[in-house]
>>> print(open('target.txt').read())   # compact mmCIF, C-alpha atoms and all ligand atoms
# COMPACT_ATOMS: atom_id res chain seq x y z
CA MET A 1 -50.52 -115.89 -13.54
CA ASN A 2 -50.21 -118.13 -16.48
CA ARG A 3 -53.69 -118.44 -17.68
CA THR A 4 -55.43 -117.32 -20.75
CA ASN A 5 -57.55 -114.25 -20.72
CA GLY A 6 -61.00 -114.95 -19.40
CA GLY A 7 -62.49 -112.57 -21.90
CA PRO A 8 -65.81 -110.88 -21.61
CA ASP A 9 -67.93 -114.00 -21.19
CA GLY A 10 -69.54 -113.99 -17.78
CA GLY A 11 -70.62 -116.82 -15.54
CA GLY A 12 -73.93 -117.28 -17.30
CA ALA A 13 -72.40 -117.96 -20.68
CA ALA A 14 -69.78 -120.12 -19.02
CA ALA A 15 -72.33 -122.25 -17.25
CA GLY A 16 -74.22 -122.70 -20.48
CA ARG A 17 -71.18 -123.81 -22.42
CA ASP A 18 -70.08 -126.17 -19.68
CA ALA A 19 -73.52 -127.67 -19.44
CA VAL A 20 -73.26 -128.54 -23.11
CA VAL A 21 -69.88 -130.16 -22.59
CA GLY A 22 -71.16 -131.99 -19.51
CA THR A 23 -74.18 -133.55 -21.12
CA GLY A 24 -72.40 -134.19 -24.37
CA THR A 25 -69.61 -136.25 -22.92
CA GLY A 26 -71.62 -138.39 -20.55
CA ALA A 27 -69.32 -137.78 -17.61
CA GLY A 28 -68.11 -140.83 -15.77
CA THR A 29 -69.53 -143.55 -17.96
CA GLY A 30 -66.44 -145.52 -17.09
CA ALA A 31 -65.83 -147.27 -20.38
CA THR A 32 -62.25 -147.50 -21.56
CA ILE A 33 -60.63 -145.72 -24.42
CA GLY A 34 -60.82 -147.75 -27.58
CA ALA A 35 -59.05 -147.91 -30.88
CA GLY A 36 -61.86 -145.90 -32.38
CA ALA A 37 -60.82 -142.93 -30.32
CA ALA A 38 -57.64 -142.42 -32.30
CA GLY A 39 -57.16 -138.88 -33.46
CA ARG A 40 -57.12 -135.58 -31.71
CA ALA A 41 -60.76 -134.79 -31.33
CA GLY A 42 -61.80 -137.67 -29.10
CA GLY A 43 -65.34 -136.62 -29.78
CA ASN A 44 -67.08 -139.84 -28.87
CA GLY A 45 -66.32 -139.15 -25.23
CA ALA A 46 -66.80 -142.66 -23.90
CA THR A 47 -64.13 -142.64 -21.21
CA ALA A 48 -62.60 -140.65 -18.44
CA GLY A 49 -59.55 -140.14 -20.61
CA VAL A 50 -61.49 -139.06 -23.62
CA ASN A 51 -63.74 -137.00 -21.37
CA LEU A 52 -60.63 -135.12 -20.37
CA LEU A 53 -59.84 -134.29 -23.95
CA GLY A 54 -63.49 -133.40 -24.46
CA LEU A 55 -63.39 -131.03 -21.48
CA ARG A 56 -61.64 -128.37 -23.43
CA SER A 57 -63.99 -125.61 -22.47
CA HIS A 58 -62.17 -122.46 -21.64
CA ASN A 59 -63.67 -122.15 -18.16
CA THR A 60 -62.96 -125.75 -17.20
CA ALA A 61 -59.36 -125.22 -18.32
CA LEU A 62 -59.09 -122.14 -16.08
CA VAL A 63 -60.35 -124.11 -13.09
CA LEU A 64 -58.07 -127.09 -13.82
CA ASP A 65 -55.07 -124.78 -14.18
CA LEU A 66 -55.77 -123.16 -10.81
CA LEU A 67 -56.24 -126.57 -9.19
CA ARG A 68 -52.94 -127.73 -10.60
CA THR A 69 -51.11 -124.58 -9.53
CA ALA A 70 -52.53 -124.91 -6.01
CA GLY A 71 -50.95 -128.36 -5.67
CA ALA A 72 -51.72 -130.70 -2.77
CA GLU A 73 -52.71 -127.74 -0.57
CA GLY A 74 -55.79 -127.17 -2.68
CA ILE A 75 -58.00 -124.17 -3.35
CA SER A 76 -61.55 -123.31 -2.30
CA ARG A 77 -64.45 -122.83 -4.67
CA LEU A 78 -64.70 -119.23 -3.56
CA GLU A 79 -61.08 -118.58 -4.52
CA LEU A 80 -61.66 -120.37 -7.82
CA ALA A 81 -64.59 -118.04 -8.50
CA GLU A 82 -62.59 -114.96 -7.51
CA ARG A 83 -59.60 -115.87 -9.63
CA THR A 84 -61.49 -116.99 -12.74
CA GLY A 85 -64.13 -114.29 -12.63
CA LEU A 86 -66.79 -117.00 -12.94
CA THR A 87 -69.90 -117.07 -10.79
CA PRO A 88 -69.82 -119.39 -7.74
CA GLN A 89 -72.62 -121.38 -9.40
CA ALA A 90 -70.57 -121.89 -12.55
CA VAL A 91 -67.55 -122.95 -10.47
CA SER A 92 -69.67 -125.40 -8.46
CA LYS A 93 -70.98 -126.93 -11.66
CA ILE A 94 -67.50 -127.34 -13.09
CA THR A 95 -65.97 -128.72 -9.89
CA ALA A 96 -68.88 -131.14 -9.41
CA ARG A 97 -68.17 -132.62 -12.81
CA LEU A 98 -64.42 -132.72 -12.21
CA ARG A 99 -65.06 -134.57 -8.93
CA ALA A 100 -67.45 -136.99 -10.62
CA ASP A 101 -64.77 -137.69 -13.22
CA GLY A 102 -62.17 -138.27 -10.51
CA LEU A 103 -60.07 -135.27 -11.57
CA ALA A 104 -60.62 -133.26 -8.40
CA ALA A 105 -60.91 -134.35 -4.79
CA ASP A 106 -61.41 -132.78 -1.36
CA ALA A 107 -58.17 -131.61 0.21
CA GLY A 108 -59.57 -130.90 3.67
CA ARG A 109 -60.88 -127.71 5.17
CA ARG A 110 -59.24 -124.38 5.61
CA ALA A 111 -60.14 -121.52 7.92
CA SER A 112 -61.33 -118.46 6.09
CA THR A 113 -61.32 -114.91 7.33
CA GLY A 114 -64.45 -114.19 9.31
CA GLY A 115 -66.40 -117.17 8.02
CA LYS A 116 -66.71 -120.85 8.59
CA PRO A 117 -63.99 -123.18 7.31
CA ARG A 118 -64.17 -123.82 3.59
CA THR A 119 -63.64 -127.12 1.84
CA VAL A 120 -60.66 -126.94 -0.47
CA LEU A 121 -60.25 -128.98 -3.64
CA ARG A 122 -57.13 -130.35 -5.25
CA LEU A 123 -56.26 -131.85 -8.60
CA VAL A 124 -55.90 -135.65 -8.60
CA PRO A 125 -52.66 -136.01 -10.59
CA GLU A 126 -52.99 -139.77 -11.04
CA ALA A 127 -56.39 -139.40 -12.71
CA GLY A 128 -54.73 -139.08 -16.09
CA HIS A 129 -51.41 -139.83 -17.75
CA ALA A 130 -49.71 -138.94 -21.01
CA VAL A 131 -46.61 -140.19 -22.75
CA GLY A 132 -44.02 -137.84 -24.22
CA VAL A 133 -41.53 -139.14 -26.77
CA HIS A 134 -38.42 -137.36 -28.01
CA LEU A 135 -37.27 -138.75 -31.34
CA ASP A 136 -33.76 -137.47 -31.82
CA ARG A 137 -31.68 -138.42 -34.83
CA ASP A 138 -29.95 -141.19 -32.87
CA GLU A 139 -31.95 -141.73 -29.67
CA LEU A 140 -35.50 -142.28 -28.49
CA ARG A 141 -36.52 -141.10 -25.04
CA ALA A 142 -40.02 -141.68 -23.68
CA VAL A 143 -41.54 -140.52 -20.40
CA LEU A 144 -44.87 -141.27 -18.73
CA VAL A 145 -46.19 -138.31 -16.76
CA ASP A 146 -49.26 -137.75 -14.61
CA LEU A 147 -51.63 -134.78 -14.89
CA ASP A 148 -49.26 -132.73 -12.79
CA GLY A 149 -46.39 -133.38 -15.19
CA THR A 150 -44.55 -135.60 -12.69
CA VAL A 151 -42.54 -138.31 -14.45
CA VAL A 152 -43.67 -141.75 -13.27
CA GLY A 153 -41.86 -143.89 -15.86
CA GLU A 154 -39.22 -143.49 -18.56
CA ARG A 155 -37.31 -145.37 -21.25
CA THR A 156 -34.46 -144.59 -23.61
CA ALA A 157 -33.24 -146.57 -26.59
CA PRO A 158 -30.87 -146.01 -29.49
CA LEU A 159 -32.66 -144.93 -32.65
CA ASP A 160 -31.83 -144.41 -36.30
CA LEU A 161 -34.26 -141.76 -37.47
CA GLY A 162 -33.26 -142.66 -41.03
CA ALA A 163 -34.19 -146.33 -40.64
CA GLY A 164 -37.55 -145.80 -42.30
CA ALA A 165 -41.06 -145.14 -41.03
CA GLU A 166 -41.94 -148.73 -40.21
CA ALA A 167 -38.84 -149.31 -38.09
CA VAL A 168 -39.20 -146.00 -36.24
CA LEU A 169 -42.93 -146.50 -35.62
CA THR A 170 -42.25 -149.96 -34.23
CA ARG A 171 -39.65 -148.49 -31.86
CA VAL A 172 -42.05 -145.77 -30.69
CA ALA A 173 -44.93 -148.21 -30.22
CA GLY A 174 -42.67 -150.54 -28.26
CA ALA A 175 -41.52 -147.77 -25.92
CA VAL A 176 -45.03 -146.39 -25.40
CA GLU A 177 -46.61 -149.78 -24.79
CA GLY A 178 -43.75 -150.70 -22.49
CA LEU A 179 -44.44 -147.64 -20.37
CA TRP A 180 -48.17 -148.28 -20.25
CA GLY A 181 -47.54 -151.93 -19.49
CA GLU A 182 -45.29 -151.13 -16.54
CA ARG A 183 -48.09 -149.07 -15.07
CA GLY A 184 -50.94 -151.43 -15.81
CA GLY A 185 -52.31 -149.49 -18.75
CA LYS A 186 -53.49 -150.94 -22.02
CA PRO A 187 -53.07 -148.54 -24.88
CA ARG A 188 -53.80 -150.82 -27.77
CA GLY A 189 -57.50 -150.25 -27.92
CA ALA A 190 -58.07 -153.21 -25.64
CA PRO A 191 -60.04 -152.40 -22.54
CA ALA A 192 -57.98 -152.31 -19.37
CA GLU A 193 -58.81 -155.04 -16.91
CA PRO A 194 -61.84 -153.90 -14.97
CA GLY A 195 -60.98 -152.36 -11.65
CA ARG A 196 -57.27 -152.89 -11.98
CA PRO A 197 -55.78 -150.38 -9.58
CA VAL A 198 -52.80 -148.13 -10.08
CA GLU A 199 -50.06 -149.40 -7.79
CA PRO A 200 -50.35 -147.27 -4.67
CA GLY A 201 -46.63 -147.26 -3.96
CA ALA A 202 -45.59 -146.47 -7.52
CA PRO A 203 -42.68 -144.08 -8.05
CA GLY A 204 -43.80 -140.52 -8.34
CA ALA A 205 -46.95 -141.16 -6.39
CA PRO A 206 -47.65 -138.29 -4.04
CA GLY A 207 -47.51 -139.01 -0.35
CA ALA A 208 -50.92 -137.46 0.17
CA PRO A 209 -53.92 -139.74 0.59
CA ARG A 210 -55.09 -140.90 -2.78
CA GLY A 211 -58.63 -141.75 -1.85
CA GLY A 212 -61.35 -140.67 -4.20
CA ALA A 213 -59.14 -140.75 -7.26
CA ALA A 214 -61.87 -142.44 -9.19
CA VAL A 215 -65.35 -143.66 -8.71
CA GLY A 216 -66.12 -147.27 -7.88
CA GLY A 217 -62.58 -148.62 -7.96
CA ARG A 218 -61.92 -147.44 -11.50
CA ARG A 219 -58.46 -146.33 -10.47
CA ARG A 220 -56.34 -147.23 -13.42
CA LEU A 221 -54.35 -145.36 -15.98
CA SER A 222 -56.43 -143.18 -18.23
CA PRO A 223 -54.39 -142.96 -21.41
CA LEU A 224 -54.88 -139.39 -22.58
CA GLY A 225 -52.53 -139.52 -25.50
CA VAL A 226 -48.98 -139.49 -26.76
CA GLY A 227 -46.94 -136.43 -27.67
CA ILE A 228 -44.12 -136.91 -30.18
CA ALA A 229 -41.34 -134.33 -30.49
CA LEU A 230 -38.76 -134.51 -33.26
CA PRO A 231 -36.59 -132.25 -35.40
CA GLY A 232 -38.53 -130.07 -37.84
CA PRO A 233 -39.68 -128.88 -40.19
CA LEU A 234 -43.15 -130.36 -39.77
CA ASP A 235 -46.81 -129.37 -39.67
CA HIS A 236 -47.99 -129.39 -36.05
CA ALA A 237 -51.67 -128.90 -36.93
CA ARG A 238 -51.83 -131.91 -39.27
CA GLY A 239 -49.05 -133.96 -37.67
CA VAL A 240 -47.28 -134.35 -41.02
CA LEU A 241 -43.50 -134.22 -41.37
CA HIS A 242 -41.70 -132.08 -43.90
CA ARG A 243 -38.16 -132.47 -45.17
CA VAL A 244 -36.30 -133.09 -41.91
CA THR A 245 -32.72 -131.97 -42.49
CA GLY A 246 -30.65 -135.06 -43.27
CA PHE A 247 -33.75 -137.29 -43.49
CA PRO A 248 -35.61 -136.28 -46.67
CA GLU A 249 -37.45 -139.62 -46.77
CA TRP A 250 -39.82 -138.39 -44.05
CA ASP A 251 -41.15 -135.58 -46.27
CA GLY A 252 -44.96 -135.76 -46.28
CA PHE A 253 -45.23 -138.65 -43.81
CA PRO A 254 -48.45 -138.45 -41.71
CA LEU A 255 -46.75 -139.39 -38.43
CA ARG A 256 -49.62 -138.35 -36.16
CA ASP A 257 -52.31 -140.41 -37.89
CA ALA A 258 -50.04 -143.41 -38.47
CA LEU A 259 -49.13 -143.56 -34.78
CA ALA A 260 -52.67 -142.85 -33.58
CA ARG A 261 -53.92 -145.80 -35.65
CA ARG A 262 -51.20 -148.01 -34.30
CA LEU A 263 -51.50 -147.02 -30.63
CA GLY A 264 -55.24 -146.45 -30.44
CA VAL A 265 -54.82 -143.16 -28.56
CA PRO A 266 -54.71 -139.53 -29.68
CA VAL A 267 -51.27 -138.38 -30.82
CA VAL A 268 -49.82 -134.87 -31.03
CA VAL A 269 -46.71 -134.14 -33.12
CA ASP A 270 -44.52 -131.10 -32.58
CA LYS A 271 -40.98 -129.92 -33.15
CA ASP A 272 -38.53 -130.87 -30.40
CA THR A 273 -37.72 -127.23 -29.73
CA ASN A 274 -41.40 -126.28 -29.38
CA ALA A 275 -41.95 -129.18 -26.99
CA ALA A 276 -39.02 -128.06 -24.84
CA ALA A 277 -40.26 -124.45 -24.89
CA LEU A 278 -43.75 -125.58 -23.88
CA GLY A 279 -42.30 -127.68 -21.05
CA LEU A 280 -40.34 -124.67 -19.82
CA ALA A 281 -43.37 -122.36 -20.05
CA VAL A 282 -45.64 -124.80 -18.20
CA GLY A 283 -42.84 -125.36 -15.68
CA GLY A 284 -42.82 -121.70 -14.71
CA GLU A 285 -40.68 -119.76 -17.22
CA GLY A 286 -42.83 -116.69 -17.64
CA GLY A 287 -42.95 -113.94 -20.21
CA SER A 288 -41.22 -114.22 -23.59
CA PHE A 289 -38.10 -116.26 -24.26
CA ALA A 290 -36.19 -118.22 -26.87
CA TYR A 291 -35.00 -121.73 -26.14
CA LEU A 292 -31.99 -122.47 -28.38
CA HIS A 293 -31.26 -126.17 -28.80
CA LEU A 294 -27.85 -127.17 -30.16
CA GLY A 295 -27.56 -130.92 -30.47
CA THR A 296 -27.46 -132.94 -33.64
CA GLY A 297 -28.99 -129.82 -35.22
CA LEU A 298 -29.81 -126.29 -34.13
CA GLY A 299 -33.31 -124.95 -33.60
CA ALA A 300 -35.30 -122.56 -31.44
CA GLY A 301 -38.53 -122.76 -29.50
CA LEU A 302 -40.15 -119.35 -29.09
CA VAL A 303 -42.48 -118.41 -26.25
CA ILE A 304 -44.13 -115.04 -26.70
CA GLY A 305 -46.22 -113.72 -23.83
CA GLY A 306 -46.53 -117.17 -22.25
CA SER A 307 -47.59 -119.06 -25.42
CA VAL A 308 -45.48 -121.14 -27.77
CA HIS A 309 -45.26 -119.29 -31.08
CA ARG A 310 -45.41 -121.88 -33.87
CA GLY A 311 -46.79 -119.82 -36.71
CA PRO A 312 -49.63 -121.00 -38.97
CA ARG A 313 -47.38 -123.55 -40.75
CA THR A 314 -45.29 -124.48 -37.68
CA GLY A 315 -42.56 -122.63 -39.51
CA ALA A 316 -41.50 -120.35 -36.65
CA GLY A 317 -38.27 -121.10 -34.82
CA GLU A 318 -36.34 -122.40 -37.85
CA PHE A 319 -33.43 -120.65 -36.27
CA GLY A 320 -30.68 -123.01 -37.39
CA HIS A 321 -31.06 -122.11 -41.04
CA GLN A 322 -30.79 -118.35 -40.73
CA VAL A 323 -27.93 -117.39 -43.01
CA LEU A 324 -25.12 -115.53 -41.24
CA GLN A 325 -22.47 -115.80 -43.96
CA LEU A 326 -23.52 -115.63 -47.62
CA ASP A 327 -20.52 -117.58 -48.93
CA GLY A 328 -20.19 -119.75 -45.82
CA PRO A 329 -19.89 -123.53 -45.64
CA ARG A 330 -22.58 -125.74 -47.16
CA CYS A 331 -25.37 -126.65 -44.77
CA GLY A 332 -27.34 -129.89 -44.72
CA CYS A 333 -30.41 -127.87 -45.77
CA GLY A 334 -28.80 -126.99 -49.10
CA ASP A 335 -28.03 -123.36 -48.32
CA ARG A 336 -24.71 -121.82 -47.29
CA GLY A 337 -23.49 -120.19 -44.10
CA CYS A 338 -26.46 -121.11 -41.87
CA VAL A 339 -26.06 -120.63 -38.11
CA GLU A 340 -26.30 -124.41 -37.73
CA ALA A 341 -23.57 -125.12 -40.28
CA LEU A 342 -21.24 -122.50 -38.79
CA CYS A 343 -21.85 -123.74 -35.23
CA LEU A 344 -21.42 -127.41 -36.03
CA ASP A 345 -18.31 -126.69 -38.14
CA ALA A 346 -16.71 -124.80 -35.25
CA VAL A 347 -17.60 -127.61 -32.83
CA ALA A 348 -16.10 -130.18 -35.24
CA ARG A 349 -12.86 -128.14 -35.31
CA GLY A 350 -12.82 -128.16 -31.51
CA GLU A 351 -13.43 -124.38 -31.39
CA THR A 352 -16.20 -124.31 -28.83
CA SER A 353 -15.78 -120.60 -28.05
CA GLU A 354 -16.19 -119.78 -31.74
CA ALA A 355 -19.34 -121.96 -31.86
CA ALA A 356 -20.65 -120.02 -28.85
CA ARG A 357 -19.89 -116.70 -30.57
CA VAL A 358 -21.78 -117.82 -33.68
CA LEU A 359 -24.71 -118.96 -31.53
CA GLY A 360 -24.59 -115.61 -29.73
CA THR A 361 -24.75 -113.74 -33.03
CA GLY A 362 -27.86 -115.69 -34.02
CA ALA A 363 -29.33 -115.08 -30.55
CA ALA A 364 -28.65 -111.35 -30.85
CA ASN A 365 -30.55 -111.30 -34.13
CA LEU A 366 -33.49 -113.00 -32.40
CA VAL A 367 -33.39 -110.54 -29.51
CA GLY A 368 -33.47 -107.68 -31.99
CA LEU A 369 -36.37 -109.21 -33.90
CA LEU A 370 -38.56 -110.32 -31.02
CA ASP A 371 -37.63 -108.23 -27.94
CA ILE A 372 -37.62 -111.32 -25.71
CA ASP A 373 -36.96 -111.36 -21.95
CA ARG A 374 -34.26 -114.06 -21.91
CA VAL A 375 -32.36 -116.66 -23.88
CA LEU A 376 -32.22 -120.26 -22.64
CA LEU A 377 -29.71 -122.77 -23.98
CA GLY A 378 -29.89 -126.55 -24.21
CA GLY A 379 -28.95 -129.54 -26.33
CA ARG A 380 -26.16 -132.06 -26.07
CA ILE A 381 -23.41 -129.85 -27.49
CA VAL A 382 -24.28 -127.02 -25.11
CA GLU A 383 -24.46 -129.42 -22.18
CA ALA A 384 -20.94 -130.65 -22.94
CA ALA A 385 -19.56 -127.12 -22.35
CA PRO A 386 -22.30 -125.09 -20.64
CA GLU A 387 -20.07 -122.34 -19.21
CA THR A 388 -18.38 -121.72 -22.56
CA PHE A 389 -21.71 -121.41 -24.37
CA VAL A 390 -23.37 -119.21 -21.76
CA ARG A 391 -20.31 -116.94 -21.64
CA GLY A 392 -19.95 -116.74 -25.42
CA VAL A 393 -23.61 -115.95 -26.05
CA ARG A 394 -23.68 -113.49 -23.15
CA GLU A 395 -20.71 -111.58 -24.54
CA VAL A 396 -22.41 -111.06 -27.89
CA LEU A 397 -25.69 -110.00 -26.25
CA GLU A 398 -23.86 -107.61 -23.94
CA ALA A 399 -22.01 -106.07 -26.87
CA ARG A 400 -25.35 -105.58 -28.62
CA ALA A 401 -26.86 -103.98 -25.50
CA ARG A 402 -23.93 -101.55 -25.29
CA ARG A 403 -24.61 -100.47 -28.87
CA THR A 404 -28.36 -100.07 -28.38
CA GLY A 405 -28.23 -98.71 -24.82
CA ASP A 406 -30.57 -101.47 -23.61
CA THR A 407 -30.17 -103.74 -20.61
CA PRO A 408 -28.51 -106.99 -21.77
CA VAL A 409 -30.91 -109.89 -22.20
CA PRO A 410 -29.99 -112.61 -19.66
CA VAL A 411 -28.72 -115.99 -20.86
CA ARG A 412 -28.65 -119.26 -18.98
CA ILE A 413 -28.91 -123.01 -19.37
CA ALA A 414 -32.55 -124.12 -19.56
CA SER A 415 -33.66 -125.62 -16.28
CA GLY A 416 -36.11 -128.47 -16.13
CA GLY A 417 -35.74 -131.91 -17.54
CA GLY A 418 -36.49 -133.49 -14.18
CA GLU A 419 -34.22 -133.57 -11.14
CA GLU A 420 -33.17 -129.96 -11.61
CA GLY A 421 -32.03 -130.44 -15.16
CA ARG A 422 -29.47 -133.13 -14.40
CA ARG A 423 -30.92 -135.43 -17.03
CA GLY A 424 -30.54 -132.80 -19.65
CA SER A 425 -32.48 -131.37 -22.50
CA GLY A 426 -33.46 -134.75 -23.99
CA GLN A 427 -35.59 -135.18 -20.90
CA LEU A 428 -36.83 -131.61 -21.22
CA VAL A 429 -38.01 -132.33 -24.77
CA ALA A 430 -39.69 -135.62 -23.81
CA GLU A 431 -41.48 -134.03 -20.84
CA GLY A 432 -42.50 -131.10 -23.04
CA ALA A 433 -43.89 -133.57 -25.60
CA ALA A 434 -46.09 -135.03 -22.85
CA GLN A 435 -47.17 -131.48 -22.03
CA SER A 436 -48.32 -131.03 -25.62
CA VAL A 437 -51.04 -133.57 -24.72
CA LEU A 438 -51.73 -132.19 -21.23
CA ALA A 439 -51.31 -128.43 -21.61
CA PRO A 440 -54.51 -127.84 -23.63
CA LEU A 441 -56.53 -129.27 -20.70
CA PHE A 442 -55.18 -126.44 -18.59
CA GLY A 443 -55.69 -123.80 -21.26
CA ARG A 444 -52.00 -123.75 -22.10
CA GLY A 445 -49.92 -124.54 -25.12
CA ASP A 446 -51.96 -123.29 -28.03
CA GLY A 447 -49.94 -120.47 -29.49
ZN ZN B 1 -29.09 -124.59 -43.30
>>> encode(input="target.txt", output="structure tokens")
Amino acid sequence: MNRTNGGPDGGGAAAGRDAVVGTGTGAGTGATIGAGAAGRAGGNGATAGVNLLGLRSHNTALVLDLLRTAGAEGISRLELAERTGLTPQAVSKITARLRADGLAADAGRRASTGGKPRTVLRLVPEAGHAVGVHLDRDELRAVLVDLDGTVVGERTAPLDLGAGAEAVLTRVAGAVEGLWGERGGKPRGAPAEPGRPVEPGAPGAPGAPRGGAAVGGRRRLSPLGVGIALPGPLDHARGVLHRVTGFPEWDGFPLRDALARRLGVPVVVDKDTNAAALGLAVGGEGGSFAYLHLGTGLGAGLVIGGSVHRGPRTGAGEFGHQVLQLDGPRCGCGDRGCVEALCLDAVARGETSEAARVLGTGAANLVGLLDIDRVLLGGRIVEAAPETFVRGVREVLEARARRTGDTPVPVRIASGGGEEGRRGSGQLVAEGAAQSVLAPLFGRGDG
């Protein structure tokens, strides 16, 4: 079960904490998110969307995560109590508020052993949406997802990450506002039109009855926020970029705050590899793994025990600039013989197998350092020759396992990215970026 440890706090403490959250946020006041809500905290709690971000109590997150995992079938309050360790009273209090906020709804009744049928509850996926944006060096990809992570809108556009902050911000704002606009949302601080409904037949809408999604006809997009994923290094906690390899002009740029001001919604900034790793973890990849992304650069997203490991300075996963060859070719980072430089050089020479062997050597170092359960591969270069890369990396890991006497760590192409991975790792990163907004609601993603 992918949920955080409930810890020693019992139902009494839980109820107390939730009561504070409940009264503090004025549940269901129905106002719309405004420009003033920019920034992560969302503390003024005037809207359903902001309420969601304000609902970050541990126990509410546990309940929301179980509701989401249960899907359309739903889960009873009794099961919620059993599986969270909370008292039935605490669960009732939490679910009452989630229902009042339109986040949970009845999903019918289910027979229970020996007792009368119990009402089961389900998450209302369309009660909240987030945008995820992948800023690659040459392409922008944006997705709009519902609370369940289902993609309900997407856009791609060419991008020059070196075109300067103003040009890139304009591109991002255009894509985000385009996605909101398509779905009837209004991100720019302006209130959405009162009572404007979400189109019932919209793509991605579940077939299940959607009644009760919101109180009093307030069924419209609740803009929760925008997640931006781009090549590192950067500071995830402050949303400030560092010296992105090849784009030194971004060094020190406060991307999160600049975009939050512009869009009027909370913004989260993370490395592309962390976003992909988070998307994979939320999507069901359990345990500990490394996601290695070889595209225009090479990086890693690390998930340790179910949580993305970023490190206190978001410095973890700078895999591409591990030096494998002291006198190797110059790398864009200024050093010599980095895994990234060796890989990209081999690819440029048309020696894909050699690139795979280099990647495998780096992966074997990671396996030795971190004792992870599996290695997942993605990125445009890998996707152009997936069998070659999986085989090459596997061979190096198997050779290592023969030396150490361990079982070889499995390697495969990262699944996900919508439609069983067919749209590739760009989609995986964009969807993961949206999860960086959503995952904290479900008690996930903070590593
Ligand atoms: Zn380097």
>>> closest_residue(input="target.txt", among="A:Glu351, A:Glu73, A:Glu139, A:Glu318", to="ligand ZN 1 (chain B)", atoms="all atoms listed in the file")
A:Glu318
>>> closest_residue(input="target.txt", among="A:Arg262, A:Arg243, A:Arg357, A:Arg110", to="Gly174 (chain A)", atoms="all atoms listed in the file")
A:Arg262
>>> closest_residue(input="target.txt", among="A:Ala167, A:Ala414, A:Leu324, A:Val409", to="ligand ZN 1 (chain B)", atoms="all atoms listed in the file")
A:Leu324
>>> closest_atom_pairs(input="target.txt", of="chain A", to="ligand ZN 1 (chain B)", cutoff="12 Å", atoms="only C-alpha atoms and all ligand atoms", output="Markdown table")
| residue | atom | partner | partner_atom | distance |
| --- | --- | --- | --- | --- |
| A:Pro233 | CA | B:ZN1 | ZN | 11.8 |
| A:Val244 | CA | B:ZN1 | ZN | 11.2 |
| A:Thr245 | CA | B:ZN1 | ZN | 8.3 |
| A:Gly246 | CA | B:ZN1 | ZN | 10.6 |
| A:Gly297 | CA | B:ZN1 | ZN | 9.6 |
| A:Leu298 | CA | B:ZN1 | ZN | 9.4 |
| A:Gly299 | CA | B:ZN1 | ZN | 10.6 |
| A:Glu318 | CA | B:ZN1 | ZN | 9.3 |
| A:Phe319 | CA | B:ZN1 | ZN | 9.2 |
| A:Gly320 | CA | B:ZN1 | ZN | 6.3 |
| A:His321 | CA | B:ZN1 | ZN | 3.9 |
| A:Gln322 | CA | B:ZN1 | ZN | 7.0 |
| A:Val323 | CA | B:ZN1 | ZN | 7.3 |
| A:Leu324 | CA | B:ZN1 | ZN | 10.1 |
| A:Gln325 | CA | B:ZN1 | ZN | 11.0 |
| A:Leu326 | CA | B:ZN1 | ZN | 11.4 |
| A:Gly328 | CA | B:ZN1 | ZN | 10.4 |
| A:Pro329 | CA | B:ZN1 | ZN | 9.6 |
| A:Arg330 | CA | B:ZN1 | ZN | 7.7 |
| A:Cys331 | CA | B:ZN1 | ZN | 4.5 |
| A:Gly332 | CA | B:ZN1 | ZN | 5.8 |
| A:Cys333 | CA | B:ZN1 | ZN | 4.3 |
| A:Gly334 | CA | B:ZN1 | ZN | 6.3 |
| A:Asp335 | CA | B:ZN1 | ZN | 5.3 |
| A:Arg336 | CA | B:ZN1 | ZN | 6.5 |
| A:Gly337 | CA | B:ZN1 | ZN | 7.2 |
| A:Cys338 | CA | B:ZN1 | ZN | 4.6 |
| A:Val339 | CA | B:ZN1 | ZN | 7.2 |
| A:Glu340 | CA | B:ZN1 | ZN | 6.2 |
| A:Ala341 | CA | B:ZN1 | ZN | 6.3 |
| A:Leu342 | CA | B:ZN1 | ZN | 9.3 |
| A:Cys343 | CA | B:ZN1 | ZN | 10.9 |
| A:Leu344 | CA | B:ZN1 | ZN | 10.9 |
>>> residues_around(input="target.txt", residues="Thr296 (chain A)", least_positions_apart="2", cutoff="9 Å", atoms="only C-alpha atoms", output="list in words")
Asp136, Arg137, Asp138, Leu294, Leu298, Leu344, Gly379, Arg380 and Ile381 of chain A
>>> residues_around(input="target.txt", residues="Val367 (chain A)", least_positions_apart="3", cutoff="10 Å", atoms="all atoms listed in the file", output="list in words")
Phe289, Ala290, Thr361, Gly362, Ala363, Ala364, Leu370, Asp371, Ile372, Asp373, Arg374, Val375, Leu397, Arg400, Pro408 and Val409 of chain A
>>> closest_residue(input="target.txt", among="A:Val267, A:Leu121, A:Val308, A:Val226", to="Val133 (chain A)", atoms="only C-alpha atoms")
A:Val226
>>> closest_atom_pairs(input="target.txt", of="region 76-159 of chain A", to="region 176-180 of chain A", cutoff="8 Å", atoms="all atoms listed in the file", output="CSV")
residue,atom,partner,partner_atom,distance
A:Val131,CA,A:Val176,CA,6.9
A:Ala142,CA,A:Val176,CA,7.1
A:Val143,CA,A:Leu179,CA,7.7
A:Leu144,CA,A:Leu179,CA,6.6
A:Gly153,CA,A:Leu179,CA,6.4
A:Glu154,CA,A:Leu179,CA,6.9
A:Arg155,CA,A:Leu179,CA,7.5
>>> atom_distance(input="target.txt", atom1="CA of Glu82 (chain A)", atom2="CA of His129 (chain A)")
29.1 Å
>>> atom_distance(input="target.txt", atom1="CA of Leu67 (chain A)", atom2="CA of Val124 (chain A)")
9.1 Å
